[in-house]
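Heads up, structure-v2.txt below (compact mmCIF, C-alpha atoms):
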```
# COMPACT_ATOMS: atom_id res chain seq x y z
CA MET A 688 39.52 -29.09 -2.18
CA GLU A 689 36.14 -28.77 -3.88
CA PRO A 690 36.16 -27.03 -7.29
CA LEU A 691 34.89 -23.47 -7.24
CA LYS A 692 31.80 -22.70 -9.29
CA LYS A 693 32.52 -20.11 -11.97
CA THR A 694 29.61 -17.77 -11.32
CA LEU A 695 29.49 -14.13 -12.43
CA ARG A 696 30.01 -13.01 -8.85
CA ASN A 697 33.12 -15.18 -8.45
CA ARG A 698 34.56 -13.82 -11.67
CA ILE A 699 34.08 -10.20 -10.58
CA LEU A 700 35.00 -10.81 -6.93
CA PRO A 701 37.32 -13.83 -6.66
CA PRO A 702 36.67 -15.60 -3.32
CA LYS A 703 39.32 -15.47 -0.64
CA GLU A 704 41.26 -18.71 -0.26
CA ILE A 705 41.69 -19.84 3.35
CA THR A 706 43.90 -22.69 4.58
CA LEU A 707 42.52 -24.47 7.65
CA PRO A 708 44.77 -25.89 10.42
CA ASN A 709 44.27 -29.40 9.01
CA GLY A 710 45.68 -28.26 5.67
CA LYS A 711 42.36 -28.20 3.84
CA GLN A 712 41.72 -25.20 1.63
CA VAL A 713 38.30 -23.52 1.55
CA TYR A 714 36.90 -20.44 -0.13
CA LYS A 715 35.09 -17.53 1.51
CA GLN A 716 32.80 -15.34 -0.56
CA ARG A 717 33.78 -11.69 -0.54
CA SER A 718 31.15 -9.30 0.76
CA ILE A 719 29.28 -7.17 -1.78
CA THR A 720 28.08 -4.76 0.93
CA PRO A 721 30.60 -2.01 -0.07
CA PHE A 722 29.31 -2.12 -3.65
CA ILE A 723 25.69 -1.89 -2.47
CA ILE A 724 26.54 1.11 -0.28
CA LEU A 725 28.35 2.73 -3.21
CA LEU A 726 25.33 2.23 -5.51
CA VAL A 727 22.98 3.69 -2.88
CA LEU A 728 25.23 6.75 -2.46
CA ILE A 729 25.36 7.26 -6.23
CA ALA A 730 21.56 6.95 -6.44
CA VAL A 731 21.12 9.45 -3.60
CA TYR A 732 23.55 11.89 -5.23
CA TYR A 733 21.77 11.86 -8.59
CA SER A 734 18.38 12.01 -6.87
CA VAL A 735 19.46 15.18 -5.07
CA GLU A 736 20.76 16.68 -8.33
CA LEU A 737 17.63 15.82 -10.33
CA THR A 738 15.16 17.04 -7.70
CA GLY A 739 17.08 20.20 -6.86
CA PHE A 740 16.98 19.35 -3.15
CA LYS A 741 18.99 21.83 -1.07
CA PHE A 742 19.53 21.77 2.68
CA SER A 743 20.17 25.52 2.57
CA THR A 744 16.67 26.16 1.23
CA LEU A 745 15.23 23.83 3.84
CA ALA A 746 17.08 25.71 6.57
CA LYS A 747 15.91 29.12 5.29
CA ARG A 748 12.27 28.28 4.53
CA GLY A 749 11.58 25.32 6.79
CA HIS A 750 10.30 27.54 9.61
CA GLU A 751 7.34 28.57 7.43
CA PHE A 752 5.82 25.16 8.07
CA PHE A 753 5.68 25.91 11.78
CA THR A 754 4.26 29.37 11.07
CA ILE A 755 1.25 27.80 9.32
CA LEU A 756 1.02 25.10 11.99
CA ILE A 757 0.92 27.71 14.76
CA ALA A 758 -1.82 29.54 12.84
CA MET A 759 -3.98 26.40 13.17
CA ILE A 760 -3.81 26.58 16.97
CA PRO A 761 -6.25 26.88 18.56
CA PRO A 762 -8.67 25.37 16.04
CA ARG A 763 -12.01 27.07 15.49
CA TRP A 764 -14.30 24.89 17.59
CA THR A 765 -17.44 26.52 16.18
CA PHE A 766 -16.53 25.09 12.77
CA PHE A 767 -16.91 21.53 14.07
CA ASP A 768 -20.55 21.25 12.95
CA SER A 769 -19.50 22.00 9.37
CA VAL A 770 -16.87 19.23 9.47
CA ILE A 771 -19.13 16.38 10.62
CA GLY A 772 -21.05 16.05 7.33
CA PRO A 773 -17.97 15.81 5.05
CA LEU A 774 -16.27 13.52 7.59
CA MET A 775 -19.19 11.09 7.50
CA ASP A 776 -19.08 11.22 3.69
CA THR A 777 -15.39 10.34 3.86
CA ILE A 778 -16.02 7.37 6.17
CA LYS A 779 -18.98 6.12 4.11
CA MET A 780 -16.92 6.34 0.92
CA SER A 781 -14.14 4.36 2.58
CA ILE A 782 -16.45 1.65 3.92
CA LEU A 783 -18.39 1.13 0.69
CA GLY A 784 -15.31 1.39 -1.54
CA THR A 785 -13.40 -1.11 0.61
CA VAL A 786 -16.26 -3.63 0.65
CA ILE A 787 -16.82 -3.42 -3.12
CA GLY A 788 -13.12 -3.68 -3.92
CA ALA A 789 -12.53 -6.56 -1.49
CA LEU A 790 -15.44 -8.59 -2.87
CA LEU A 791 -14.34 -8.07 -6.48
CA ALA A 792 -10.80 -9.07 -5.53
CA ILE A 793 -11.85 -12.60 -4.52
CA PRO A 794 -12.79 -14.03 -7.96
CA THR A 795 -9.99 -12.01 -9.57
CA ALA A 796 -7.42 -13.50 -7.19
CA MET A 797 -8.73 -16.97 -7.99
CA LEU A 798 -8.13 -16.32 -11.70
CA ALA A 799 -4.68 -14.88 -11.03
CA SER A 800 -3.55 -17.84 -8.87
CA ILE A 801 -1.64 -20.26 -11.08
CA ASN A 802 -2.41 -23.22 -8.80
CA LEU A 803 -6.15 -22.68 -9.29
CA THR A 804 -6.36 -21.42 -12.87
CA ARG A 805 -3.66 -23.72 -14.29
CA ASN A 806 -3.52 -21.45 -17.30
CA LYS A 807 -0.33 -19.38 -17.35
CA VAL A 808 -1.61 -16.97 -20.00
CA LEU A 809 -4.85 -16.15 -18.16
CA SER A 810 -3.05 -15.91 -14.83
CA GLY A 811 -0.42 -13.61 -16.30
CA VAL A 812 -3.00 -11.31 -17.91
CA VAL A 813 -4.96 -10.94 -14.66
CA LYS A 814 -1.78 -10.27 -12.68
CA LEU A 815 -0.75 -7.65 -15.23
CA LEU A 816 -4.17 -6.01 -14.96
CA LEU A 817 -3.87 -5.79 -11.18
CA SER A 818 -0.38 -4.31 -11.48
CA VAL A 819 -1.50 -1.67 -13.98
CA ILE A 820 -4.46 -0.59 -11.82
CA ARG A 821 -2.28 -0.55 -8.70
CA THR A 822 0.21 1.87 -10.29
CA LEU A 823 -2.56 4.43 -10.85
CA PRO A 824 -2.72 6.84 -7.85
CA THR A 825 -6.12 7.05 -6.17
CA LEU A 826 -6.21 10.81 -6.72
CA VAL A 827 -5.66 10.38 -10.47
CA SER A 828 -8.29 7.66 -10.79
CA ALA A 829 -10.73 9.85 -8.83
CA LEU A 830 -10.05 12.73 -11.23
CA ILE A 831 -10.76 10.50 -14.24
CA LEU A 832 -13.92 9.13 -12.65
CA THR A 833 -15.25 12.62 -11.90
CA TYR A 834 -15.10 13.35 -15.63
CA ILE A 835 -17.05 10.15 -16.32
CA PHE A 836 -19.61 10.15 -13.48
CA GLY A 837 -19.57 13.78 -12.41
CA LEU A 838 -18.52 15.45 -9.15
CA GLY A 839 -19.45 13.90 -5.83
CA THR A 840 -18.90 10.95 -3.54
CA PHE A 841 -19.90 8.37 -6.19
CA ALA A 842 -16.68 8.97 -8.13
CA GLY A 843 -14.68 8.94 -4.90
CA THR A 844 -16.20 5.64 -3.82
CA LEU A 845 -15.34 4.06 -7.17
CA ALA A 846 -11.76 5.35 -6.96
CA ILE A 847 -11.34 3.78 -3.52
CA ALA A 848 -12.93 0.54 -4.72
CA LEU A 849 -10.51 0.44 -7.67
CA PHE A 850 -7.46 0.82 -5.46
CA THR A 851 -8.78 -1.70 -2.92
CA PHE A 852 -9.54 -4.19 -5.68
CA SER A 853 -5.99 -4.05 -7.07
CA PHE A 854 -4.21 -4.06 -3.71
CA ILE A 855 -6.20 -6.82 -2.01
CA GLY A 856 -6.31 -8.83 -5.25
CA LYS A 857 -2.51 -8.97 -5.31
CA GLN A 858 -2.22 -9.85 -1.63
CA LEU A 859 -4.89 -12.54 -1.92
CA TYR A 860 -3.55 -14.35 -4.99
CA GLU A 861 -0.10 -14.45 -3.39
CA GLN A 862 -1.67 -16.07 -0.33
CA ILE A 863 -3.61 -18.58 -2.45
CA GLU A 864 -0.47 -19.59 -4.35
CA THR A 865 1.24 -20.58 -1.10
CA VAL A 866 -1.56 -22.65 0.49
CA ASP A 867 -1.55 -26.41 0.94
CA MET A 868 -3.36 -27.76 -2.14
CA SER A 869 -3.80 -31.31 -0.82
CA PRO A 870 -7.30 -30.74 0.69
CA TYR A 871 -8.41 -28.94 -2.50
CA GLU A 872 -7.21 -31.79 -4.72
CA ALA A 873 -8.81 -34.36 -2.42
CA MET A 874 -12.19 -32.62 -2.66
CA GLU A 875 -11.91 -32.39 -6.45
CA SER A 876 -11.07 -36.09 -6.69
CA MET A 877 -14.27 -36.83 -4.72
CA GLY A 878 -16.34 -35.02 -7.35
CA ALA A 879 -16.69 -31.53 -5.83
CA ASN A 880 -16.60 -28.60 -8.26
CA ARG A 881 -13.89 -25.95 -8.10
CA LEU A 882 -15.95 -23.37 -6.25
CA TYR A 883 -17.05 -25.82 -3.56
CA SER A 884 -13.50 -27.14 -3.26
CA PHE A 885 -12.19 -23.59 -2.88
CA MET A 886 -14.72 -22.75 -0.17
CA GLY A 887 -14.03 -25.94 1.74
CA ALA A 888 -10.26 -26.31 1.39
CA ILE A 889 -8.62 -22.96 0.56
CA GLN A 890 -11.00 -20.39 2.03
CA PRO A 891 -10.28 -21.42 5.67
CA GLN A 892 -6.55 -21.05 5.02
CA VAL A 893 -6.67 -17.53 3.52
CA LEU A 894 -9.69 -15.99 5.27
CA PRO A 895 -7.87 -14.59 8.36
CA SER A 896 -5.19 -12.99 6.18
CA PHE A 897 -7.80 -11.66 3.74
CA LEU A 898 -9.80 -10.00 6.52
CA SER A 899 -6.65 -8.58 8.11
CA VAL A 900 -5.49 -7.05 4.80
CA THR A 901 -8.99 -5.68 4.17
CA LEU A 902 -9.03 -3.93 7.56
CA TYR A 903 -5.55 -2.55 6.95
CA THR A 904 -6.61 -1.25 3.53
CA PHE A 905 -9.69 0.36 5.06
CA GLU A 906 -7.44 2.35 7.42
CA GLY A 907 -5.51 3.74 4.47
CA ASN A 908 -8.67 4.38 2.46
CA VAL A 909 -9.98 6.76 5.14
CA ARG A 910 -6.86 8.89 4.66
CA HIS A 911 -7.10 8.62 0.86
CA ALA A 912 -10.76 9.62 0.89
CA ALA A 913 -9.97 12.71 2.95
CA ILE A 914 -8.08 14.32 0.04
CA LEU A 915 -10.24 13.15 -2.88
CA GLY A 916 -12.28 16.33 -2.53
CA TYR A 917 -9.36 18.19 -4.13
CA VAL A 918 -10.53 16.79 -7.47
CA GLY A 919 -14.24 17.09 -6.68
CA ALA A 920 -14.77 13.52 -5.47
CA GLY A 921 -16.45 14.49 -2.19
CA GLY A 922 -15.42 14.14 1.43
CA LEU A 923 -13.30 16.33 3.69
CA GLY A 924 -11.01 17.32 0.84
CA ILE A 925 -13.54 19.84 -0.47
CA ILE A 926 -13.72 22.00 2.65
CA LEU A 927 -10.02 21.39 3.35
CA ASN A 928 -9.08 22.76 -0.06
CA GLU A 929 -11.43 25.73 0.29
CA ASN A 930 -10.15 26.79 3.70
CA ILE A 931 -6.49 26.40 2.75
CA ALA A 932 -7.12 28.55 -0.34
CA TRP A 933 -8.77 31.25 1.81
CA ARG A 934 -6.00 30.92 4.45
CA GLN A 935 -8.54 30.07 7.13
CA TYR A 936 -5.95 28.09 9.07
CA ASP A 937 -7.95 27.91 12.28
CA ARG A 938 -10.67 26.08 10.33
CA VAL A 939 -8.02 23.87 8.71
CA GLY A 940 -6.82 23.01 12.22
CA MET A 941 -10.35 21.94 13.18
CA ILE A 942 -10.64 19.76 10.04
CA LEU A 943 -7.28 18.07 10.64
CA LEU A 944 -7.97 17.54 14.35
CA THR A 945 -11.33 15.90 13.58
CA LEU A 946 -9.73 13.72 10.91
CA PHE A 947 -6.91 12.73 13.27
CA VAL A 948 -9.33 11.64 15.99
CA ALA A 949 -11.46 9.69 13.50
CA VAL A 950 -8.44 7.93 11.99
CA ALA A 951 -7.02 7.15 15.45
CA VAL A 952 -10.30 5.54 16.56
CA ILE A 953 -10.58 3.54 13.32
CA GLU A 954 -6.96 2.35 13.53
CA THR A 955 -7.39 1.30 17.18
CA ILE A 956 -10.47 -0.78 16.37
CA SER A 957 -8.84 -2.21 13.25
CA ARG A 958 -5.64 -3.11 15.12
CA TYR A 959 -7.67 -4.90 17.79
CA LEU A 960 -9.61 -6.89 15.18
CA ARG A 961 -6.46 -7.76 13.21
CA LYS A 962 -4.79 -9.00 16.38
CA LYS A 963 -7.77 -11.27 17.03
CA LEU A 964 -7.61 -12.61 13.48
CA THR A 965 -3.92 -13.47 13.73
```
Spell out the structure here as structure tokens.
Amino acid sequence: MEPLKKTLRNRILPPKEITLPNGKQVYKQRSITPFIILLVLIAVYYSVELTGFKFSTLAKRGHEFFTILIAMIPPRWTFFDSVIGPLMDTIKMSILGTVIGALLAIPTAMLASINLTRNKVLSGVVKLLLSVIRTLPTLVSALILTYIFGLGTFAGTLAIALFTFSFIGKQLYEQIETVDMSPYEAMESMGANRLYSFMGAIQPQVLPSFLSVTLYTFEGNVRHAAILGYVGAGGLGIILNENIAWRQYDRVGMILLTLFVAVAVIETISRYLRKKLT
């Protein structure tokens, strides 16, 4: 019988000893699933207590959601002309912000990749920077940028670019760290510089994934841009906020319907392109 390793798990949950028909004794690890379920239930219980969530309140007041939803139907079709301008601002913010953020993410991901930088300190600092930026909600960064650059779509575009930069940067450096480095090292040994070696050996390996992630991020950015107007960063959020405040729910219905159609079309095109890339 093989000696049992004295791990922390085995000390807390001693394995079950099983005797096989041939007389040999083996050990079977005990399942930790009950403990995981118990921890999840404890976390849910304290989450309910801390947030004050009550099913009774949901049952009593939940129908109000449908009251407002019904007030949006039918939408005010004559308000469509007033929605087109802010919608185009939203889409333009998303496109420009995504392109800027994706382009800035490429050199940053190269610095963050330990197999390219070969400097753990520099790589760690860049990764930490991306993590810090990624934890900042787009709405908060847009609010800060409106104080710096003023109200309008410029601040909204920068907020989207900032989020895109941090998100794609993380995805890209993780992809770079898992690529086959043999072609890159072969090109370097032949005298090629790092940039040329990257373009020739690593870029073909990560490009499809990079483009797919960029398209996916663009889909989300359209939805993010639609609410940035709440903090004065332009787009549909401005007229959405105004009409909700004035309880013009038929106009709100027209705004949401237009946004839904635009997002559905963008997602369909993006899904088709991502399927081609993969």
List every residue of range 829-947 of chain A that has an atom at most 12 Å from any atom of range 808-811 of chain A, giving for each one its closest atom pair and the distance in Å to one decimal, counting all atoms listed in the file, sorted by chain and then by ascending residue number, as a Markdown table.
```
| residue | atom | partner | partner_atom | distance |
| --- | --- | --- | --- | --- |
| A:Lys857 | CA | A:Ser810 | CA | 11.8 |
| A:Tyr860 | CA | A:Ser810 | CA | 10.0 |
| A:Glu861 | CA | A:Ser810 | CA | 11.9 |
| A:Glu864 | CA | A:Ser810 | CA | 11.4 |
```
Between CA of Met877 in chain A and CA of Pro891 in chain A, what is the distance, to one decimal in Å?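 About the pair CA of Met877 in chain A and CA of Pro891 in chain A: they are 19.0 Å apart.
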May I ask for the distance between CA of Phe766 in chain A and CA of Ile942 in chain A, given in Å to one decimal place? 8.4 Å
Here's a test: counting all atoms listed in the file, identify every protein, DNA and RNA residue with an atom at most 12 Å from (-1.9, 1.0, -10.3) in the file's coordinate frame, and state them as JSON, numbers by chain. {"A": [814, 815, 816, 817, 818, 819, 820, 821, 822, 823, 824, 825, 826, 827, 828, 846, 847, 849, 850, 851, 852, 853, 854, 856, 857]}
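When the distance limit is 8 Å and all atoms listed in the file are what count, the residues near Asp776 in chain A, minus those fewer than 4 positions from it on the same chain, are Gly772, Met780, Thr840, Gly921, Gly922 and Leu923 of chain A.
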Near Ala888 in chain A, within 10 Å and counting only C-alpha atoms, which residues show up once chain neighbours fewer than 4 positions away are dropped, as a list in words?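 The residues that qualify are Val866, Asp867, Met868, Ser869, Pro870, Tyr871, Glu872, Ala873, Met874, Leu882, Tyr883, Ser884, Gln892 and Val893 of chain A.
Reported to one decimal place, the separation of CA of Pro895 in chain A from CA of Ile793 in chain A is 13.6 Å.
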Please tell me which residues are no farther than 12 Å from (-3.1, 2.1, 7.1) in the file, counting all atoms listed in the file, and write them as a PyMOL selection string. chain A and resi 899-911+950-951+953-955+957-958
Listed atoms of range 823-841 of chain A, axis-aligned box, 3 Å per side: centre and edge lengths to one decimal in Å, as lines of an AutoDock Vina configuration file?
```
center_x = -11.2
center_y = 9.9
center_z = -9.9
size_x = 23.3
size_y = 17.0
size_z = 18.8
```
If we count only C-alpha atoms, what is near Ala842 in chain A at a cut-off of 10 Å, once residues fewer than 5 positions away on the same chain are taken out, given as an MDAnalysis selection string? chainID A and resid 780 828:837 847:848 915 918:921
Suppose we keep C-alpha atoms; can you now write the selection as a PDB file, in the frame of the given file?
```
ATOM      1  CA  MET A 780     -16.920   6.340   0.920  1.00  0.00           C
ATOM      2  CA  SER A 828      -8.290   7.660 -10.790  1.00  0.00           C
ATOM      3  CA  ALA A 829     -10.730   9.850  -8.830  1.00  0.00           C
ATOM      4  CA  LEU A 830     -10.050  12.730 -11.230  1.00  0.00           C
ATOM      5  CA  ILE A 831     -10.760  10.500 -14.240  1.00  0.00           C
ATOM      6  CA  LEU A 832     -13.920   9.130 -12.650  1.00  0.00           C
ATOM      7  CA  THR A 833     -15.250  12.620 -11.900  1.00  0.00           C
ATOM      8  CA  TYR A 834     -15.100  13.350 -15.630  1.00  0.00           C
ATOM      9  CA  ILE A 835     -17.050  10.150 -16.320  1.00  0.00           C
ATOM     10  CA  PHE A 836     -19.610  10.150 -13.480  1.00  0.00           C
ATOM     11  CA  GLY A 837     -19.570  13.780 -12.410  1.00  0.00           C
ATOM     12  CA  ILE A 847     -11.340   3.780  -3.520  1.00  0.00           C
ATOM     13  CA  ALA A 848     -12.930   0.540  -4.720  1.00  0.00           C
ATOM     14  CA  LEU A 915     -10.240  13.150  -2.880  1.00  0.00           C
ATOM     15  CA  VAL A 918     -10.530  16.790  -7.470  1.00  0.00           C
ATOM     16  CA  GLY A 919     -14.240  17.090  -6.680  1.00  0.00           C
ATOM     17  CA  ALA A 920     -14.770  13.520  -5.470  1.00  0.00           C
ATOM     18  CA  GLY A 921     -16.450  14.490  -2.190  1.00  0.00           C
TER      19      GLY A 921
END
```
Since the input is missing atoms for range 943-954 of chain A, could you rebuild it with all heavy atoms and give the result as a PDB file, in the coordinates of the input?
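The resulting file, rebuild37.pdb, is reproduced below:
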```
ATOM      1  N   LEU A 943      -8.345  19.058  10.437  1.00  0.00           N
ATOM      2  CA  LEU A 943      -7.280  18.070  10.640  1.00  0.00           C
ATOM      3  C   LEU A 943      -7.399  17.391  11.997  1.00  0.00           C
ATOM      4  O   LEU A 943      -7.123  16.189  12.120  1.00  0.00           O
ATOM      5  CB  LEU A 943      -5.915  18.753  10.510  1.00  0.00           C
ATOM      6  CG  LEU A 943      -5.584  19.312   9.123  1.00  0.00           C
ATOM      7  CD1 LEU A 943      -4.207  19.959   9.122  1.00  0.00           C
ATOM      8  CD2 LEU A 943      -5.645  18.209   8.066  1.00  0.00           C
ATOM      9  N   LEU A 944      -7.793  18.135  13.027  1.00  0.00           N
ATOM     10  CA  LEU A 944      -7.970  17.540  14.350  1.00  0.00           C
ATOM     11  C   LEU A 944      -9.093  16.503  14.326  1.00  0.00           C
ATOM     12  O   LEU A 944      -8.945  15.401  14.884  1.00  0.00           O
ATOM     13  CB  LEU A 944      -8.282  18.636  15.372  1.00  0.00           C
ATOM     14  CG  LEU A 944      -8.556  18.155  16.806  1.00  0.00           C
ATOM     15  CD1 LEU A 944      -7.337  17.439  17.374  1.00  0.00           C
ATOM     16  CD2 LEU A 944      -8.961  19.329  17.701  1.00  0.00           C
ATOM     17  N   THR A 945     -10.206  16.848  13.680  1.00  0.00           N
ATOM     18  CA  THR A 945     -11.330  15.900  13.580  1.00  0.00           C
ATOM     19  C   THR A 945     -10.915  14.653  12.810  1.00  0.00           C
ATOM     20  O   THR A 945     -11.243  13.531  13.203  1.00  0.00           O
ATOM     21  CB  THR A 945     -12.526  16.580  12.887  1.00  0.00           C
ATOM     22  OG1 THR A 945     -12.843  17.793  13.564  1.00  0.00           O
ATOM     23  CG2 THR A 945     -13.736  15.666  12.904  1.00  0.00           C
ATOM     24  N   LEU A 946     -10.186  14.862  11.712  1.00  0.00           N
ATOM     25  CA  LEU A 946      -9.730  13.720  10.910  1.00  0.00           C
ATOM     26  C   LEU A 946      -8.763  12.851  11.704  1.00  0.00           C
ATOM     27  O   LEU A 946      -8.833  11.616  11.652  1.00  0.00           O
ATOM     28  CB  LEU A 946      -9.051  14.222   9.635  1.00  0.00           C
ATOM     29  CG  LEU A 946      -8.466  13.148   8.712  1.00  0.00           C
ATOM     30  CD1 LEU A 946      -9.555  12.220   8.202  1.00  0.00           C
ATOM     31  CD2 LEU A 946      -7.724  13.798   7.550  1.00  0.00           C
ATOM     32  N   PHE A 947      -7.872  13.487  12.466  1.00  0.00           N
ATOM     33  CA  PHE A 947      -6.910  12.730  13.270  1.00  0.00           C
ATOM     34  C   PHE A 947      -7.610  11.853  14.296  1.00  0.00           C
ATOM     35  O   PHE A 947      -7.265  10.679  14.469  1.00  0.00           O
ATOM     36  CB  PHE A 947      -5.952  13.704  13.975  1.00  0.00           C
ATOM     37  CG  PHE A 947      -5.060  13.045  14.980  1.00  0.00           C
ATOM     38  CD1 PHE A 947      -3.951  12.322  14.582  1.00  0.00           C
ATOM     39  CD2 PHE A 947      -5.344  13.134  16.338  1.00  0.00           C
ATOM     40  CE1 PHE A 947      -3.132  11.700  15.516  1.00  0.00           C
ATOM     41  CE2 PHE A 947      -4.537  12.522  17.280  1.00  0.00           C
ATOM     42  CZ  PHE A 947      -3.425  11.805  16.868  1.00  0.00           C
ATOM     43  N   VAL A 948      -8.593  12.412  14.982  1.00  0.00           N
ATOM     44  CA  VAL A 948      -9.330  11.640  15.990  1.00  0.00           C
ATOM     45  C   VAL A 948     -10.072  10.483  15.332  1.00  0.00           C
ATOM     46  O   VAL A 948     -10.052   9.348  15.838  1.00  0.00           O
ATOM     47  CB  VAL A 948     -10.311  12.556  16.755  1.00  0.00           C
ATOM     48  CG1 VAL A 948     -11.208  11.728  17.674  1.00  0.00           C
ATOM     49  CG2 VAL A 948      -9.556  13.603  17.560  1.00  0.00           C
ATOM     50  N   ALA A 949     -10.719  10.750  14.196  1.00  0.00           N
ATOM     51  CA  ALA A 949     -11.460   9.690  13.500  1.00  0.00           C
ATOM     52  C   ALA A 949     -10.538   8.570  13.045  1.00  0.00           C
ATOM     53  O   ALA A 949     -10.838   7.380  13.230  1.00  0.00           O
ATOM     54  CB  ALA A 949     -12.213  10.283  12.304  1.00  0.00           C
ATOM     55  N   VAL A 950      -9.400   8.941  12.461  1.00  0.00           N
ATOM     56  CA  VAL A 950      -8.440   7.930  11.990  1.00  0.00           C
ATOM     57  C   VAL A 950      -7.857   7.147  13.158  1.00  0.00           C
ATOM     58  O   VAL A 950      -7.678   5.922  13.079  1.00  0.00           O
ATOM     59  CB  VAL A 950      -7.324   8.599  11.166  1.00  0.00           C
ATOM     60  CG1 VAL A 950      -6.198   7.603  10.877  1.00  0.00           C
ATOM     61  CG2 VAL A 950      -7.870   9.147   9.857  1.00  0.00           C
ATOM     62  N   ALA A 951      -7.571   7.820  14.269  1.00  0.00           N
ATOM     63  CA  ALA A 951      -7.020   7.150  15.450  1.00  0.00           C
ATOM     64  C   ALA A 951      -7.996   6.119  16.005  1.00  0.00           C
ATOM     65  O   ALA A 951      -7.600   4.994  16.370  1.00  0.00           O
ATOM     66  CB  ALA A 951      -6.663   8.181  16.523  1.00  0.00           C
ATOM     67  N   VAL A 952      -9.278   6.477  16.060  1.00  0.00           N
ATOM     68  CA  VAL A 952     -10.300   5.540  16.560  1.00  0.00           C
ATOM     69  C   VAL A 952     -10.418   4.345  15.616  1.00  0.00           C
ATOM     70  O   VAL A 952     -10.458   3.182  16.058  1.00  0.00           O
ATOM     71  CB  VAL A 952     -11.658   6.259  16.697  1.00  0.00           C
ATOM     72  CG1 VAL A 952     -12.763   5.249  17.000  1.00  0.00           C
ATOM     73  CG2 VAL A 952     -11.597   7.311  17.799  1.00  0.00           C
ATOM     74  N   ILE A 953     -10.460   4.618  14.309  1.00  0.00           N
ATOM     75  CA  ILE A 953     -10.580   3.540  13.320  1.00  0.00           C
ATOM     76  C   ILE A 953      -9.371   2.609  13.373  1.00  0.00           C
ATOM     77  O   ILE A 953      -9.511   1.384  13.333  1.00  0.00           O
ATOM     78  CB  ILE A 953     -10.758   4.127  11.909  1.00  0.00           C
ATOM     79  CG1 ILE A 953     -12.135   4.793  11.785  1.00  0.00           C
ATOM     80  CG2 ILE A 953     -10.605   3.045  10.838  1.00  0.00           C
ATOM     81  CD1 ILE A 953     -12.321   5.590  10.522  1.00  0.00           C
ATOM     82  N   GLU A 954      -8.179   3.174  13.477  1.00  0.00           N
ATOM     83  CA  GLU A 954      -6.960   2.350  13.530  1.00  0.00           C
ATOM     84  C   GLU A 954      -6.916   1.511  14.802  1.00  0.00           C
ATOM     85  O   GLU A 954      -6.456   0.366  14.775  1.00  0.00           O
ATOM     86  CB  GLU A 954      -5.727   3.240  13.437  1.00  0.00           C
ATOM     87  CG  GLU A 954      -5.479   3.793  12.044  1.00  0.00           C
ATOM     88  CD  GLU A 954      -4.161   4.523  11.952  1.00  0.00           C
ATOM     89  OE1 GLU A 954      -3.536   4.750  13.023  1.00  0.00           O
ATOM     90  OE2 GLU A 954      -3.744   4.865  10.843  1.00  0.00           O
TER      91      GLU A 954
END
```
